[in-house]
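Structure file query_32.txt (compact mmCIF, C-alpha atoms) is printed below.
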```txt
# COMPACT_ATOMS: atom_id res chain seq x y z
CA MET A 27 -23.91 16.58 -9.30
CA SER A 28 -20.20 16.90 -9.86
CA ASN A 29 -19.85 17.66 -6.16
CA VAL A 30 -21.65 14.44 -5.30
CA LYS A 31 -19.36 12.55 -7.63
CA ALA A 32 -16.27 14.21 -6.21
CA GLU A 33 -17.45 13.34 -2.74
CA ALA A 34 -18.07 9.73 -3.73
CA GLU A 35 -14.64 9.50 -5.28
CA LYS A 36 -13.15 10.89 -2.13
CA GLU A 37 -14.71 8.01 -0.22
CA ASN A 38 -12.96 5.41 -2.31
CA ALA A 39 -9.45 5.02 -1.00
CA ILE A 40 -7.30 2.21 0.27
CA ILE A 41 -6.82 2.20 4.03
CA PRO A 42 -3.06 1.93 4.56
CA PRO A 43 -2.01 -0.53 7.28
CA VAL A 44 -0.26 1.13 10.22
CA ASP A 45 1.77 0.34 13.29
CA VAL A 46 1.49 2.73 16.23
CA VAL A 47 3.76 2.64 19.26
CA GLU A 48 4.03 5.02 22.19
CA ASP A 49 6.63 5.84 24.79
CA SER A 50 7.04 8.68 27.29
CA LYS A 51 8.28 11.07 24.57
CA GLY A 52 5.48 10.55 22.10
CA ILE A 53 3.90 8.39 19.47
CA VAL A 54 5.56 6.82 16.43
CA LEU A 55 3.33 5.83 13.53
CA TYR A 56 4.45 3.74 10.57
CA ALA A 57 2.18 3.53 7.53
CA ASP A 58 2.58 1.67 4.23
CA PHE A 59 2.03 3.72 1.08
CA PRO A 60 3.54 1.57 -1.66
CA GLY A 61 3.52 3.26 -5.06
CA VAL A 62 3.24 6.79 -3.68
CA PRO A 63 6.05 9.21 -4.58
CA LYS A 64 7.13 11.63 -1.86
CA GLU A 65 5.58 14.64 -3.57
CA LYS A 66 2.16 12.96 -3.66
CA LEU A 67 2.07 12.21 0.04
CA ASP A 68 -0.08 14.62 2.04
CA ILE A 69 -0.08 14.74 5.84
CA HIS A 70 -2.18 17.34 7.56
CA VAL A 71 -3.61 18.14 10.96
CA GLU A 72 -6.85 20.03 11.46
CA GLY A 73 -7.79 20.50 15.07
CA GLU A 74 -7.30 17.06 16.54
CA THR A 75 -7.71 15.22 13.26
CA LEU A 76 -4.64 13.80 11.57
CA THR A 77 -5.15 12.87 7.92
CA LEU A 78 -2.71 10.82 5.89
CA GLU A 79 -3.27 10.77 2.15
CA GLY A 80 -1.29 9.55 -0.81
CA GLU A 81 -1.79 9.31 -4.55
CA MET A 82 -0.05 6.62 -6.53
CA GLY A 83 2.30 7.80 -9.21
CA LEU A 84 1.86 4.78 -11.46
CA VAL A 85 2.40 5.06 -15.14
CA MET A 86 0.72 2.14 -16.88
CA PRO A 87 1.67 1.03 -20.34
CA GLU A 88 -0.73 2.09 -23.06
CA GLY A 89 -3.46 -0.45 -23.81
CA MET A 90 -2.84 -2.65 -20.81
CA GLU A 91 -5.54 -5.14 -19.90
CA ALA A 92 -5.81 -6.11 -16.25
CA ILE A 93 -5.81 -9.84 -15.58
CA HIS A 94 -5.35 -9.81 -11.81
CA VAL A 95 -6.14 -6.90 -9.52
CA ASP A 96 -5.52 -6.66 -5.78
CA ILE A 97 -5.08 -2.89 -5.66
CA ASP A 98 -7.84 -1.25 -7.63
CA LEU A 99 -7.69 2.31 -6.36
CA PRO A 100 -4.98 4.85 -7.02
CA ARG A 101 -5.07 6.50 -3.60
CA TYR A 102 -4.77 5.90 0.12
CA ARG A 103 -6.41 7.70 3.00
CA ARG A 104 -6.55 7.23 6.73
CA VAL A 105 -7.73 9.55 9.48
CA PHE A 106 -6.80 9.49 13.15
CA THR A 107 -7.96 11.49 16.12
CA LEU A 108 -5.12 12.89 18.19
CA SER A 109 -5.43 13.65 21.87
CA SER A 110 -4.72 16.95 23.57
CA GLU A 111 -1.46 15.87 25.20
CA LEU A 112 0.11 15.42 21.76
CA ASP A 113 1.88 18.38 20.20
CA SER A 114 0.54 18.35 16.66
CA GLY A 115 2.62 21.40 15.76
CA LYS A 116 5.83 19.45 16.16
CA ILE A 117 5.09 16.34 14.09
CA SER A 118 8.06 15.16 12.07
CA ALA A 119 7.94 12.77 9.13
CA GLU A 120 10.26 10.55 7.13
CA PHE A 121 9.30 8.72 3.96
CA SER A 122 11.33 5.99 2.35
CA HIS A 123 10.49 3.16 -0.09
CA GLY A 124 6.78 3.76 0.41
CA VAL A 125 6.89 3.68 4.22
CA LEU A 126 5.94 6.74 6.23
CA LYS A 127 7.35 7.20 9.71
CA LEU A 128 5.68 9.88 11.75
CA PHE A 129 6.75 11.10 15.16
CA ILE A 130 4.17 12.95 17.24
CA PRO A 131 5.76 14.32 20.42
CA LYS A 132 3.92 14.81 23.67
CA ALA A 133 3.43 18.40 24.70
CA GLU A 134 5.44 19.81 27.60
CA HIS A 135 2.33 20.28 29.67
CA ALA A 136 1.50 16.58 29.27
CA GLN A 137 4.56 15.49 31.18
CA PRO A 138 3.77 13.81 34.50
CA ARG A 139 3.31 16.31 37.33
CA LYS A 140 1.73 16.55 40.71
CA ILE A 141 -1.56 18.33 41.06
CA SER A 142 -2.33 19.92 44.39
CA VAL A 143 -5.87 19.74 45.60
CA GLN A 144 -7.17 22.58 47.65
CA VAL A 145 -9.96 22.08 50.10
CA SER A 146 -12.03 25.14 50.77
CA MET B 13 -5.71 6.75 -19.97
CA GLY B 14 -6.10 6.99 -16.23
CA TYR B 15 -5.51 4.43 -13.58
CA ARG B 16 -9.23 4.18 -12.86
CA ASN B 17 -10.01 3.01 -16.35
CA LEU B 18 -7.46 0.26 -16.14
CA PHE B 19 -8.73 -1.10 -12.89
CA PRO B 20 -12.38 -0.05 -12.73
CA ARG B 21 -13.41 -2.31 -9.90
CA GLU B 22 -14.12 0.08 -7.09
CA ILE B 23 -17.16 -1.85 -5.99
CA PHE B 24 -14.91 -4.76 -5.08
CA ALA B 25 -12.61 -2.44 -3.19
CA GLU B 26 -15.57 -1.12 -1.31
CA LEU B 27 -16.80 -4.61 -0.45
CA GLU B 28 -13.31 -5.58 0.60
CA ARG B 29 -13.06 -2.50 2.77
CA ILE B 30 -16.32 -3.42 4.48
CA GLN B 31 -15.06 -6.98 4.94
CA ARG B 32 -11.79 -5.69 6.33
CA ASP B 33 -13.59 -3.36 8.73
CA MET B 34 -15.77 -6.26 9.85
CA ASP B 35 -12.79 -8.54 10.32
CA ARG B 36 -11.07 -5.87 12.31
CA ASN B 37 -14.06 -5.20 14.52
CA ILE B 38 -15.08 -8.79 15.08
CA GLY B 39 -11.56 -10.12 15.16
CA ARG B 40 -12.32 -13.16 13.07
CA SER B 41 -10.18 -14.72 10.44
CA PRO B 42 -12.14 -17.01 8.11
CA SER B 43 -9.12 -18.89 6.81
CA ILE B 44 -6.69 -20.88 8.93
CA ARG B 45 -3.95 -19.05 7.02
CA GLY B 46 -5.40 -15.68 7.99
CA PRO B 47 -6.77 -13.15 5.52
CA SER B 48 -7.40 -14.73 2.14
CA LYS B 49 -5.27 -12.28 0.19
CA GLY B 50 -1.60 -12.98 -0.03
CA TYR B 51 1.23 -10.60 0.62
CA PRO B 52 2.32 -8.67 -1.27
CA ALA B 53 -0.73 -7.28 -3.05
CA MET B 54 -0.24 -7.60 -6.79
CA ASN B 55 -1.66 -6.26 -10.01
CA VAL B 56 -1.00 -8.06 -13.27
CA GLY B 57 -1.78 -6.76 -16.70
CA THR B 58 -1.01 -7.69 -20.27
CA THR B 59 -0.34 -5.66 -23.36
CA SER B 60 0.16 -7.02 -26.86
CA GLY B 61 3.91 -7.01 -26.30
CA SER B 62 4.44 -7.77 -22.63
CA VAL B 63 3.16 -8.96 -19.28
CA GLU B 64 3.39 -6.31 -16.55
CA ILE B 65 3.46 -7.30 -12.90
CA TYR B 66 3.23 -4.81 -10.04
CA ALA B 67 3.89 -5.96 -6.47
CA PHE B 68 3.25 -3.63 -3.53
CA VAL B 69 6.19 -4.35 -1.23
CA PRO B 70 7.02 -1.21 0.77
CA GLY B 71 10.03 -0.66 2.97
CA LEU B 72 12.53 -3.06 1.41
CA GLU B 73 15.99 -2.72 -0.02
CA PRO B 74 15.77 -3.54 -3.75
CA SER B 75 18.63 -6.04 -3.40
CA SER B 76 16.71 -8.07 -0.81
CA LEU B 77 13.94 -8.89 -3.28
CA ASP B 78 14.16 -12.23 -5.04
CA VAL B 79 12.43 -12.31 -8.42
CA GLN B 80 12.56 -15.50 -10.47
CA ILE B 81 10.90 -17.00 -13.49
CA GLU B 82 10.79 -20.76 -13.63
CA LYS B 83 8.56 -23.08 -15.65
CA GLY B 84 6.23 -20.29 -16.63
CA MET B 85 5.80 -19.07 -13.07
CA LEU B 86 7.05 -15.76 -11.73
CA SER B 87 7.95 -15.86 -8.07
CA ILE B 88 8.50 -12.84 -5.88
CA SER B 89 9.92 -13.48 -2.44
CA GLY B 90 11.65 -11.65 0.36
CA GLU B 91 11.44 -10.83 4.00
CA ARG B 92 10.22 -7.78 5.81
CA ASN B 93 11.46 -7.40 9.35
CA ALA B 94 9.36 -5.67 11.94
CA ASP B 95 10.97 -2.72 13.69
CA ALA B 96 12.20 -3.65 17.12
CA VAL B 97 9.97 -2.35 19.90
CA PRO B 98 12.17 -0.77 22.59
CA GLU B 99 11.47 -1.37 26.24
CA GLY B 100 8.97 0.96 27.83
CA THR B 101 7.07 1.25 24.58
CA THR B 102 3.39 0.43 24.22
CA VAL B 103 2.16 -1.07 20.96
CA HIS B 104 -1.26 0.37 20.13
CA ILE B 105 -1.78 -0.82 16.56
CA SER B 106 0.11 -3.50 14.67
CA GLU B 107 -1.30 -4.08 11.19
CA ARG B 108 1.68 -3.98 8.86
CA PHE B 109 2.97 -7.19 7.41
CA SER B 110 6.20 -8.61 8.73
CA GLY B 111 8.02 -11.85 8.06
CA LYS B 112 8.83 -13.87 4.99
CA PHE B 113 6.66 -13.70 1.93
CA ARG B 114 6.40 -15.42 -1.41
CA ARG B 115 3.91 -15.03 -4.18
CA LEU B 116 3.60 -16.75 -7.52
CA VAL B 117 2.09 -15.59 -10.76
CA SER B 118 1.44 -17.91 -13.65
CA LEU B 119 2.67 -16.31 -16.86
CA PRO B 120 1.35 -16.85 -20.40
CA GLU B 121 3.23 -19.38 -22.53
CA ASP B 122 4.54 -16.90 -25.06
CA ILE B 123 6.79 -14.92 -22.72
CA ASP B 124 10.49 -14.37 -23.26
CA SER B 125 11.80 -14.80 -19.70
CA GLY B 126 15.37 -13.98 -20.71
CA LYS B 127 14.35 -10.41 -21.45
CA ALA B 128 12.45 -9.74 -18.23
CA SER B 129 13.33 -6.60 -16.30
CA ALA B 130 12.48 -5.39 -12.81
CA SER B 131 12.57 -2.07 -11.00
CA TYR B 132 11.72 -0.98 -7.47
CA ARG B 133 10.49 2.50 -6.70
CA ASP B 134 8.47 4.00 -3.83
CA GLY B 135 7.91 0.53 -2.45
CA LEU B 136 6.47 -0.78 -5.70
CA LEU B 137 8.15 -3.59 -7.60
CA HIS B 138 7.47 -3.57 -11.33
CA VAL B 139 8.42 -6.60 -13.41
CA SER B 140 8.03 -6.42 -17.15
CA VAL B 141 8.24 -9.61 -19.17
CA PRO B 142 8.18 -9.24 -22.96
CA ARG B 143 6.26 -11.70 -25.11
CA ARG B 144 7.94 -13.40 -28.00
CA GLU B 145 7.56 -11.47 -31.20
CA ALA B 146 6.34 -14.40 -33.24
CA VAL B 147 3.04 -14.43 -31.43
CA LEU B 148 2.37 -10.70 -31.64
CA PRO B 149 -0.69 -10.04 -33.77
CA ARG B 150 0.53 -9.49 -37.30
CA ARG B 151 -1.31 -8.18 -40.24
CA ILE B 152 -0.92 -10.22 -43.36
CA GLU B 153 -1.02 -8.25 -46.52
CA VAL B 154 -3.37 -9.42 -49.25
CA HIS B 155 -2.10 -8.68 -52.74
```
Structure encoded using structure tokens:
Amino acid sequence: MSNVKAEAEKENAIIPPVDVVEDSKGIVLYADFPGVPKEKLDIHVEGETLTLEGEMGLVMPEGMEAIHVDIDLPRYRRVFTLSSELDSGKISAEFSHGVLKLFIPKAEHAQPRKISVQVS
Amino acid sequence: MGYRNLFPREIFAELERIQRDMDRNIGRSPSIRGPSKGYPAMNVGTTSGSVEIYAFVPGLEPSSLDVQIEKGMLSISGERNADAVPEGTTVHISERFSGKFRRLVSLPEDIDSGKASASYRDGLLHVSVPRREAVLPRRIEVH
């Protein structure tokens, strides 16, 4: 039962808005994680799946009563599928004022090259 | 007390997520001004001694935020500039807010605007406005 609950809680997360741009060197991803301290940001790659997660580090005053709520979950999550020409081992990240900037370089082998076709 | 208990409205978040997914997939925008929710997203709460306002405004310099209280309204405004897209770059996804923003919050009458304070951390603006002491609940002794 607790597993079911944990799984359900895992489902409930804010989807952070992102910008993704690409050039010949790789992909740059920007994502908004307002309220997330650096130590509670978690970026991981498993196979071709890139997961971005963040927990808010809010400390609310004792006994506060909510009167207007836009953000009602304390965490963010978003998952992307990478493609094989991206070098997931060389991802670099910067995080400042709640904005994540991720650089995913293209692998050497993904650089443009000529393929010779042999006819037997 | 955890965050969940303060804002236990996950069902609304879920519905909003579904709505957002639908909007994204269908590409429709029901309002002429775009998505109904303003930018930045805000949470407002009250305690017996203060009004607490949280605005989710990532990626700004604290000095560029304009926070004012006038006639019982708190206004939060600023501008977020989009990063320049260099030549030879393809934009695949563009969801993050850019441009000027302004949002207003109506405050209770008993606030002491002169004692308001604001801080900006991790892209979250927190404004705390104390309420005047005279209106705090007070126990009257019976002799």
Find the residues near stretch 52-58 of chain A: any atom within 8 Å, counting all atoms listed in the file, skip ones fewer than 2 places away on the same chain, and give them as a list of chain:residue names.
A:Pro42, A:Pro43, A:Val44, A:Asp45, A:Val46, A:Val47, A:Glu48, A:Asp49, A:Ser50, A:Pro60, A:Leu112, A:Gly124, A:Val125, A:Leu126, A:Lys127, A:Leu128, A:Phe129, A:Ile130, A:Pro131, A:Lys132, B:Pro70, B:Gly71, B:Arg108
With only C-alpha atoms as the atoms that count, which of A:Lys64, A:Arg104, A:His70, A:His123 lies nearest to chain B?
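Of all the options, A:His123 lies closest to chain B.
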Chain B residues within 6 Å of chain A, counting all atoms listed in the file: which ones, as a list in words?
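Filtering chain B at 6 Å from chain A with all atoms listed in the file gives Phe19, Ala53, Met54, Asn55, Val56, Gly57, Thr58, Thr59, Phe68, Pro70, Gly71, Thr101, Thr102, Val103, His104, Ile105, Ser106, Glu107, Arg108, Asp134, Gly135 and Leu136 of chain B.
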Store the residues of this selection in a file with C-alpha atoms, as a CSV table (one decimal), in the coordinates of the input.
```csv
chain,number,residue,atom,x,y,z
B,19,PHE,CA,-8.7,-1.1,-12.9
B,53,ALA,CA,-0.7,-7.3,-3.0
B,54,MET,CA,-0.2,-7.6,-6.8
B,55,ASN,CA,-1.7,-6.3,-10.0
B,56,VAL,CA,-1.0,-8.1,-13.3
B,57,GLY,CA,-1.8,-6.8,-16.7
B,58,THR,CA,-1.0,-7.7,-20.3
B,59,THR,CA,-0.3,-5.7,-23.4
B,68,PHE,CA,3.2,-3.6,-3.5
B,70,PRO,CA,7.0,-1.2,0.8
B,71,GLY,CA,10.0,-0.7,3.0
B,101,THR,CA,7.1,1.2,24.6
B,102,THR,CA,3.4,0.4,24.2
B,103,VAL,CA,2.2,-1.1,21.0
B,104,HIS,CA,-1.3,0.4,20.1
B,105,ILE,CA,-1.8,-0.8,16.6
B,106,SER,CA,0.1,-3.5,14.7
B,107,GLU,CA,-1.3,-4.1,11.2
B,108,ARG,CA,1.7,-4.0,8.9
B,134,ASP,CA,8.5,4.0,-3.8
B,135,GLY,CA,7.9,0.5,-2.4
B,136,LEU,CA,6.5,-0.8,-5.7
```
Find, counting all atoms listed in the file, the residue in B:Ile123, B:Ala96, B:Leu86, B:Ala130 that gets nearest to B:Pro74.
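Of all the options, B:Ala130 lies closest to B:Pro74.
Checking B:Val97, B:Val69, B:Val154, B:Ala128 one by one against B:Phe109, counting all atoms listed in the file, you find the shortest gap at B:Val69.
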Can you pull out the residues contacting B:Arg150? Cut-off 12 Å, using all atoms listed in the file, and skip same-chain residues under 5 positions away; I want them as a list in words.
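Surrounding residues, per the criterion: Ser60, Gly61 and Glu145 of chain B.
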What does the structure give for the distance between atom CA of B:Ser118 and atom CA of B:Gly84, in Å to one decimal?
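Atom-to-atom, atom CA of B:Ser118 and atom CA of B:Gly84 are spaced 6.1 Å apart.
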Have a look at atom CA of B:Arg115 and atom CA of B:Ile65 and let me know their distance in Å, one decimal.
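One can read the atom CA of B:Arg115 to atom CA of B:Ile65 distance as 11.7 Å.
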Coordinates of box centre and edge lengths for stretch 41-53 of chain A, 5 Å on every side, axis-aligned, as AutoDock Vina command-line options:
```
--center_x 0.7 --center_y 5.3 --center_z 15.7 --size_x 25.1 --size_y 21.6 --size_z 33.3
```
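Look at A:Gly80: the protein and nucleic acid residues within 6 Å of it, using only C-alpha atoms and passing over chain neighbours fewer than 2 places away, are Lys66, Leu67, Asp68, Arg101 and Tyr102 of chain A.
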Interatomic distance between atom CA of A:Thr107 and atom CA of B:Ser110?
25.7 Å
